[in-house]
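Next up, final.tsv (TSV, C-alpha atoms):
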```tsv
chain	number	residue	atom	x	y	z
A	153	MET	CA	116.86	111.18	99.83
A	154	ASN	CA	113.42	112.55	98.90
A	155	THR	CA	110.88	113.13	101.66
A	156	ILE	CA	107.73	111.54	100.32
A	157	LYS	CA	104.58	112.31	102.28
A	158	SER	CA	102.09	111.68	99.46
A	159	ILE	CA	101.99	109.55	96.31
A	160	ALA	CA	99.55	109.78	93.42
A	161	VAL	CA	98.69	106.28	92.25
A	162	PHE	CA	97.46	105.64	88.71
A	163	CYS	CA	95.81	102.25	88.15
A	164	GLY	CA	92.87	100.49	86.60
A	165	SER	CA	89.22	101.09	87.37
A	166	SER	CA	88.80	97.38	86.55
A	167	GLU	CA	90.11	94.51	88.65
A	168	GLY	CA	91.52	92.57	85.71
A	169	ASN	CA	91.95	88.80	85.97
A	170	ASP	CA	95.35	88.39	87.66
A	171	ILE	CA	94.98	87.86	91.42
A	172	THR	CA	98.66	88.70	91.98
A	173	ILE	CA	98.08	92.19	90.61
A	174	LEU	CA	95.11	92.70	92.95
A	175	ASP	CA	97.13	91.45	95.91
A	176	GLU	CA	99.96	93.89	95.11
A	177	ALA	CA	97.45	96.74	94.83
A	178	SER	CA	96.25	95.93	98.36
A	179	LEU	CA	99.83	95.60	99.57
A	180	LEU	CA	100.61	99.04	98.17
A	181	GLY	CA	97.69	100.61	100.03
A	182	MET	CA	98.75	98.94	103.27
A	183	THR	CA	102.41	99.93	102.77
A	184	LEU	CA	101.54	103.57	102.13
A	185	ALA	CA	99.42	103.64	105.29
A	186	THR	CA	102.06	102.01	107.50
A	187	ASN	CA	104.71	104.41	106.16
A	188	ASP	CA	102.46	107.43	106.85
A	189	ILE	CA	102.29	108.30	103.15
A	190	THR	CA	99.04	109.84	101.92
A	191	LEU	CA	97.44	108.09	98.95
A	192	VAL	CA	96.21	110.46	96.24
A	193	TYR	CA	94.14	108.71	93.58
A	194	GLY	CA	91.13	108.96	91.28
A	195	ALA	CA	88.48	108.50	94.03
A	196	ALA	CA	86.82	105.34	92.72
A	197	LYS	CA	85.59	102.54	94.96
A	198	ILE	CA	85.75	100.03	92.11
A	199	GLY	CA	88.56	98.10	90.45
A	200	MET	CA	92.20	98.26	91.47
A	201	MET	CA	91.68	101.87	92.49
A	202	GLY	CA	89.23	100.71	95.12
A	203	LYS	CA	91.56	97.94	96.32
A	204	VAL	CA	94.46	100.36	96.93
A	205	ALA	CA	92.20	102.85	98.72
A	206	GLU	CA	90.47	100.24	100.91
A	207	ALA	CA	93.77	98.73	102.01
A	208	ALA	CA	95.13	102.17	102.92
A	209	LEU	CA	91.98	103.11	104.85
A	210	ASN	CA	91.79	99.73	106.63
A	211	ASN	CA	95.34	100.29	107.90
A	212	GLY	CA	94.70	103.80	109.21
A	213	GLY	CA	96.04	105.63	106.16
A	214	ARG	CA	95.05	109.01	104.78
A	215	VAL	CA	93.39	108.84	101.35
A	216	ILE	CA	92.55	111.79	99.11
A	217	GLY	CA	90.35	111.15	96.09
A	218	VAL	CA	90.17	113.54	93.15
A	219	ILE	CA	87.33	113.09	90.68
A	220	PRO	CA	85.77	115.19	87.91
A	221	GLU	CA	82.11	116.09	88.35
A	222	PHE	CA	80.93	113.99	85.39
A	223	LEU	CA	82.36	110.79	86.95
A	224	LYS	CA	80.92	111.47	90.40
A	225	LEU	CA	78.30	108.73	90.30
A	226	LYS	CA	77.16	106.98	93.44
A	227	GLU	CA	78.18	103.55	92.16
A	228	VAL	CA	81.69	104.75	91.25
A	229	VAL	CA	82.89	107.31	93.81
A	230	HIS	CA	84.25	106.19	97.18
A	231	LEU	CA	82.36	108.06	99.90
A	232	GLY	CA	84.52	106.89	102.81
A	233	LEU	CA	87.72	108.75	101.97
A	234	THR	CA	89.67	111.09	104.21
A	235	GLU	CA	89.04	113.83	101.66
A	236	LEU	CA	87.16	113.97	98.36
A	237	ILE	CA	87.96	116.74	95.87
A	238	THR	CA	85.71	117.38	92.87
A	239	THR	CA	87.06	119.11	89.76
A	240	ASN	CA	85.34	120.48	86.67
A	241	ASN	CA	87.17	118.23	84.21
A	242	MET	CA	89.90	115.62	83.70
A	243	HIS	CA	92.66	118.17	83.14
A	244	GLN	CA	91.93	119.91	86.45
A	245	ARG	CA	91.86	116.50	88.12
A	246	LYS	CA	95.41	115.74	86.95
A	247	LEU	CA	96.65	119.19	87.94
A	248	LYS	CA	95.20	118.76	91.42
A	249	MET	CA	96.71	115.28	91.81
A	250	HIS	CA	100.09	116.68	90.74
A	251	GLU	CA	99.77	119.53	93.22
A	252	LEU	CA	98.93	117.18	96.12
A	253	SER	CA	101.68	114.62	95.46
A	254	ASP	CA	105.40	114.30	96.14
A	255	ALA	CA	105.75	111.32	93.79
A	256	PHE	CA	103.78	109.20	91.31
A	257	MET	CA	103.31	105.48	90.82
A	258	ALA	CA	101.56	103.57	88.05
A	259	LEU	CA	100.19	100.07	88.53
A	260	PRO	CA	98.60	97.92	85.83
A	261	GLY	CA	95.63	99.49	84.09
A	262	GLY	CA	94.22	100.46	80.71
A	263	TYR	CA	94.17	103.56	78.52
A	264	GLY	CA	93.47	105.96	81.40
A	265	THR	CA	96.41	104.66	83.44
A	266	LEU	CA	98.79	104.98	80.50
A	267	GLU	CA	97.50	108.46	79.68
A	268	GLU	CA	98.07	109.64	83.26
A	269	LEU	CA	101.53	108.05	83.40
A	270	PHE	CA	102.69	109.51	80.11
A	271	GLU	CA	101.32	112.95	80.81
A	272	ILE	CA	103.11	113.18	84.16
A	273	ILE	CA	106.38	111.85	82.73
A	274	THR	CA	106.11	114.29	79.80
A	275	TRP	CA	105.67	117.14	82.28
A	276	GLY	CA	108.85	115.92	83.99
A	277	GLN	CA	110.70	115.69	80.66
A	278	LEU	CA	109.69	119.29	79.94
A	279	GLY	CA	110.95	120.47	83.33
A	280	LEU	CA	107.49	121.28	84.71
A	281	HIS	CA	108.28	119.19	87.80
A	282	GLN	CA	111.13	117.08	89.19
A	283	LYS	CA	109.12	114.59	91.21
A	284	PRO	CA	109.94	110.87	91.00
A	285	ILE	CA	107.76	108.62	88.85
A	286	GLY	CA	107.55	104.86	89.38
A	287	LEU	CA	106.16	101.94	87.41
A	288	LEU	CA	105.14	98.88	89.43
A	289	ASN	CA	105.71	96.07	86.93
A	290	ILE	CA	103.71	93.31	88.62
A	291	ASN	CA	104.03	89.87	86.98
A	292	GLY	CA	105.76	91.43	83.97
A	293	PHE	CA	102.62	93.41	83.08
A	294	TYR	CA	104.64	96.28	81.61
A	295	ASP	CA	107.44	94.24	79.97
A	296	ASP	CA	106.17	94.94	76.46
A	297	LEU	CA	105.80	98.66	77.18
A	298	LEU	CA	109.37	98.82	78.51
A	299	GLN	CA	110.60	97.07	75.35
A	300	LEU	CA	108.80	99.71	73.29
A	301	LEU	CA	110.43	102.51	75.29
A	302	GLU	CA	113.85	100.89	74.83
A	303	ASN	CA	113.15	100.74	71.09
A	304	MET	CA	112.30	104.47	71.15
A	305	VAL	CA	115.76	105.05	72.65
A	306	ARG	CA	117.44	102.84	70.01
A	307	LYS	CA	115.61	104.61	67.18
A	308	GLY	CA	116.50	108.06	68.50
A	309	PHE	CA	113.03	109.21	69.57
A	310	LEU	CA	113.68	109.11	73.32
A	311	LYS	CA	116.81	110.18	75.17
A	312	MET	CA	118.28	107.66	77.57
A	313	SER	CA	118.19	110.28	80.34
A	314	ASN	CA	114.42	110.63	79.83
A	315	PHE	CA	113.95	106.86	79.67
A	316	GLU	CA	115.75	106.64	83.03
A	317	MET	CA	113.30	109.10	84.59
A	318	LEU	CA	110.82	106.21	84.80
A	319	LEU	CA	111.76	104.12	87.85
A	320	VAL	CA	110.75	100.48	87.48
A	321	ASP	CA	110.48	97.58	89.91
A	322	ASN	CA	108.22	94.60	90.53
A	323	THR	CA	107.89	95.00	94.31
A	324	VAL	CA	106.23	97.78	96.28
A	325	GLU	CA	109.04	98.19	98.84
A	326	ARG	CA	111.87	98.39	96.29
A	327	LEU	CA	109.96	100.84	94.11
A	328	LEU	CA	109.31	103.05	97.14
A	329	GLU	CA	113.06	102.99	97.86
A	330	LYS	CA	113.79	104.06	94.28
A	331	LEU	CA	111.31	106.93	94.56
A	332	ARG	CA	112.99	108.10	97.76
A	333	ASP	CA	116.49	107.81	96.26
A	334	TYR	CA	115.66	109.51	92.93
A	335	LYS	CA	117.94	112.36	91.90
A	336	PRO	CA	116.32	114.54	89.22
A	337	LYS	CA	118.31	115.43	86.13
A	338	PRO	CA	119.10	119.12	85.62
A	339	VAL	CA	116.51	120.89	83.46
A	340	PRO	CA	118.07	121.66	80.04
A	341	LYS	CA	118.80	125.36	79.47
A	342	TRP	CA	116.46	125.58	76.49
A	343	LEU	CA	113.55	124.53	78.72
A	344	LYS	CA	114.15	127.05	81.47
A	345	THR	CA	111.53	129.76	81.51
A	346	GLU	CA	113.63	132.40	83.28
A	347	ARG	CA	114.96	135.14	81.01
A	348	THR	CA	118.67	135.85	81.17
```

How would this structure read if it were set down as structure tokens?
Amino acid sequence: MNTIKSIAVFCGSSEGNDITILDEASLLGMTLATNDITLVYGAAKIGMMGKVAEAALNNGGRVIGVIPEFLKLKEVVHLGLTELITTNNMHQRKLKMHELSDAFMALPGGYGTLEELFEIITWGQLGLHQKPIGLLNINGFYDDLLQLLENMVRKGFLKMSNFEMLLVDNTVERLLEKLRDYKPKPVPKWLKTERT
């Protein structure tokens, strides 16, 4: 079982129009706080990002926000976090979030959420980390994406073992269990950086 003390959450900076998704975002924040798991996220006070952070803070949780300087606008950044880290750019932001987190979870979102999810899972595929990665598929939001990934497997562009690196569930508690129970696949020899 993995000891998970911090989770980086990727999700929308918009609230969307599905109240169930917003409710689950708040439930996630509360669940992280009550399980003494630090929330690491993009530091916004708006959208789903803000909902997760507020719920964690309101339940006594620890919340670390990581934001690049150019996004650090008063109307966007959450100033009531446990810790706020400012980076020079987006790439440094993702590196810092990776460094601070024991696991990753993506909720519904747009381009930015998908970009963060796929970058972190690509790093895992390349053996740069072996941390668990979860997809919270609220109300079937990611059904079409999962069908696309399955098609990539069928067409020979994605190995089943790499497809299975992405842990999927539609409830917060079950997805947290899957993150804790995750057993990383061995890194292929051709990816190992050590010289023999």

Legend entry - Answer as a ChimeraX atom specification, residues within 10 Å of (95.8, 96.3, 101.1) using all atoms listed in the file: /A:174-185,202-211

Inset, instruction - Please provide the set of residues having any atom within 12 Å of Asp170 (chain A), restricted to only C-alpha atoms, with same-chain residues fewer than 6 positions apart removed, written as number ranges by chain. - result: A: 176-177, 200, 260-261, 290-293

Let me see the file: selected residues, C-alpha atoms, as a PDB file, keeping the file's coordinate frame.
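Output file part_31.pdb is given in full below:
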```
ATOM      1  CA  GLU A 176      99.960  93.890  95.110  1.00  0.00           C
ATOM      2  CA  ALA A 177      97.450  96.740  94.830  1.00  0.00           C
ATOM      3  CA  MET A 200      92.200  98.260  91.470  1.00  0.00           C
ATOM      4  CA  PRO A 260      98.600  97.920  85.830  1.00  0.00           C
ATOM      5  CA  GLY A 261      95.630  99.490  84.090  1.00  0.00           C
ATOM      6  CA  ILE A 290     103.710  93.310  88.620  1.00  0.00           C
ATOM      7  CA  ASN A 291     104.030  89.870  86.980  1.00  0.00           C
ATOM      8  CA  GLY A 292     105.760  91.430  83.970  1.00  0.00           C
ATOM      9  CA  PHE A 293     102.620  93.410  83.080  1.00  0.00           C
TER      10      PHE A 293
END
```

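All residues that come within 12 Å of the coordinates (96.4, 119.9, 91.0), counting only C-alpha atoms, are given as Ala160, Val192, Tyr193, Gly217, Val218, Ile219, Ile237, Thr238, Thr239, Asn240, Asn241, Met242, His243, Gln244, Arg245, Lys246, Leu247, Lys248, Met249, His250, Glu251, Leu252, Ser253, Asp254 and Ile272 of chain A.
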
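Reported to one decimal place, the separation of CA of Leu236 (chain A) from CA of Pro220 (chain A) is 10.6 Å.
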
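The gap separating CA of Gly164 (chain A) from CA of Ile198 (chain A) is 9.0 Å, in Å to one decimal.
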
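Atom pair CA of Val161 (chain A) / CA of Arg306 (chain A) has a distance of 29.3 Å (rounded to one decimal).
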
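Proximity to Arg332 (chain A) at 7 Å, evaluated using only C-alpha atoms and with sequence-adjacent residues fewer than 4 positions away removed, yields Met153, Asn154, Thr155, Ile156 and Leu328 of chain A.
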
Legend entry - For Leu318 (chain A): contacts at 7 Å, all atoms listed in the file, fewer than 4 positions along chain excluded, given as JSON, numbers by chain: {"A": [285, 286, 287]}

Inset, instruction - Counting all atoms listed in the file, figure out which residue out of A:Ile171, A:Met257, A:Leu223, A:Leu300 gets nearest to Leu269 (chain A). - result: A:Met257

Inset, instruction - Skip Glu302 (chain A) itself and residues of its chain fewer than 2 positions away, then list as an MDAnalysis selection string all residues within 12 Å of it, counting only C-alpha atoms. - result: chainID A and resid 295:300 304:316 318

Using C-alpha atoms, can you write the selected residues to a file as a compact mmCIF listing (two decimals), in the coordinates of the input?
```
# COMPACT_ATOMS: atom_id res chain seq x y z
CA ASP A 295 107.44 94.24 79.97
CA ASP A 296 106.17 94.94 76.46
CA LEU A 297 105.80 98.66 77.18
CA LEU A 298 109.37 98.82 78.51
CA GLN A 299 110.60 97.07 75.35
CA LEU A 300 108.80 99.71 73.29
CA MET A 304 112.30 104.47 71.15
CA VAL A 305 115.76 105.05 72.65
CA ARG A 306 117.44 102.84 70.01
CA LYS A 307 115.61 104.61 67.18
CA GLY A 308 116.50 108.06 68.50
CA PHE A 309 113.03 109.21 69.57
CA LEU A 310 113.68 109.11 73.32
CA LYS A 311 116.81 110.18 75.17
CA MET A 312 118.28 107.66 77.57
CA SER A 313 118.19 110.28 80.34
CA ASN A 314 114.42 110.63 79.83
CA PHE A 315 113.95 106.86 79.67
CA GLU A 316 115.75 106.64 83.03
CA LEU A 318 110.82 106.21 84.80
```

Inset, instruction - Check the smallest atom-to-atom distance from each of A:Leu280, A:Leu231, A:Leu191, A:Phe162 to Glu268 (chain A) using all atoms listed in the file, then report the winner. - result: A:Phe162
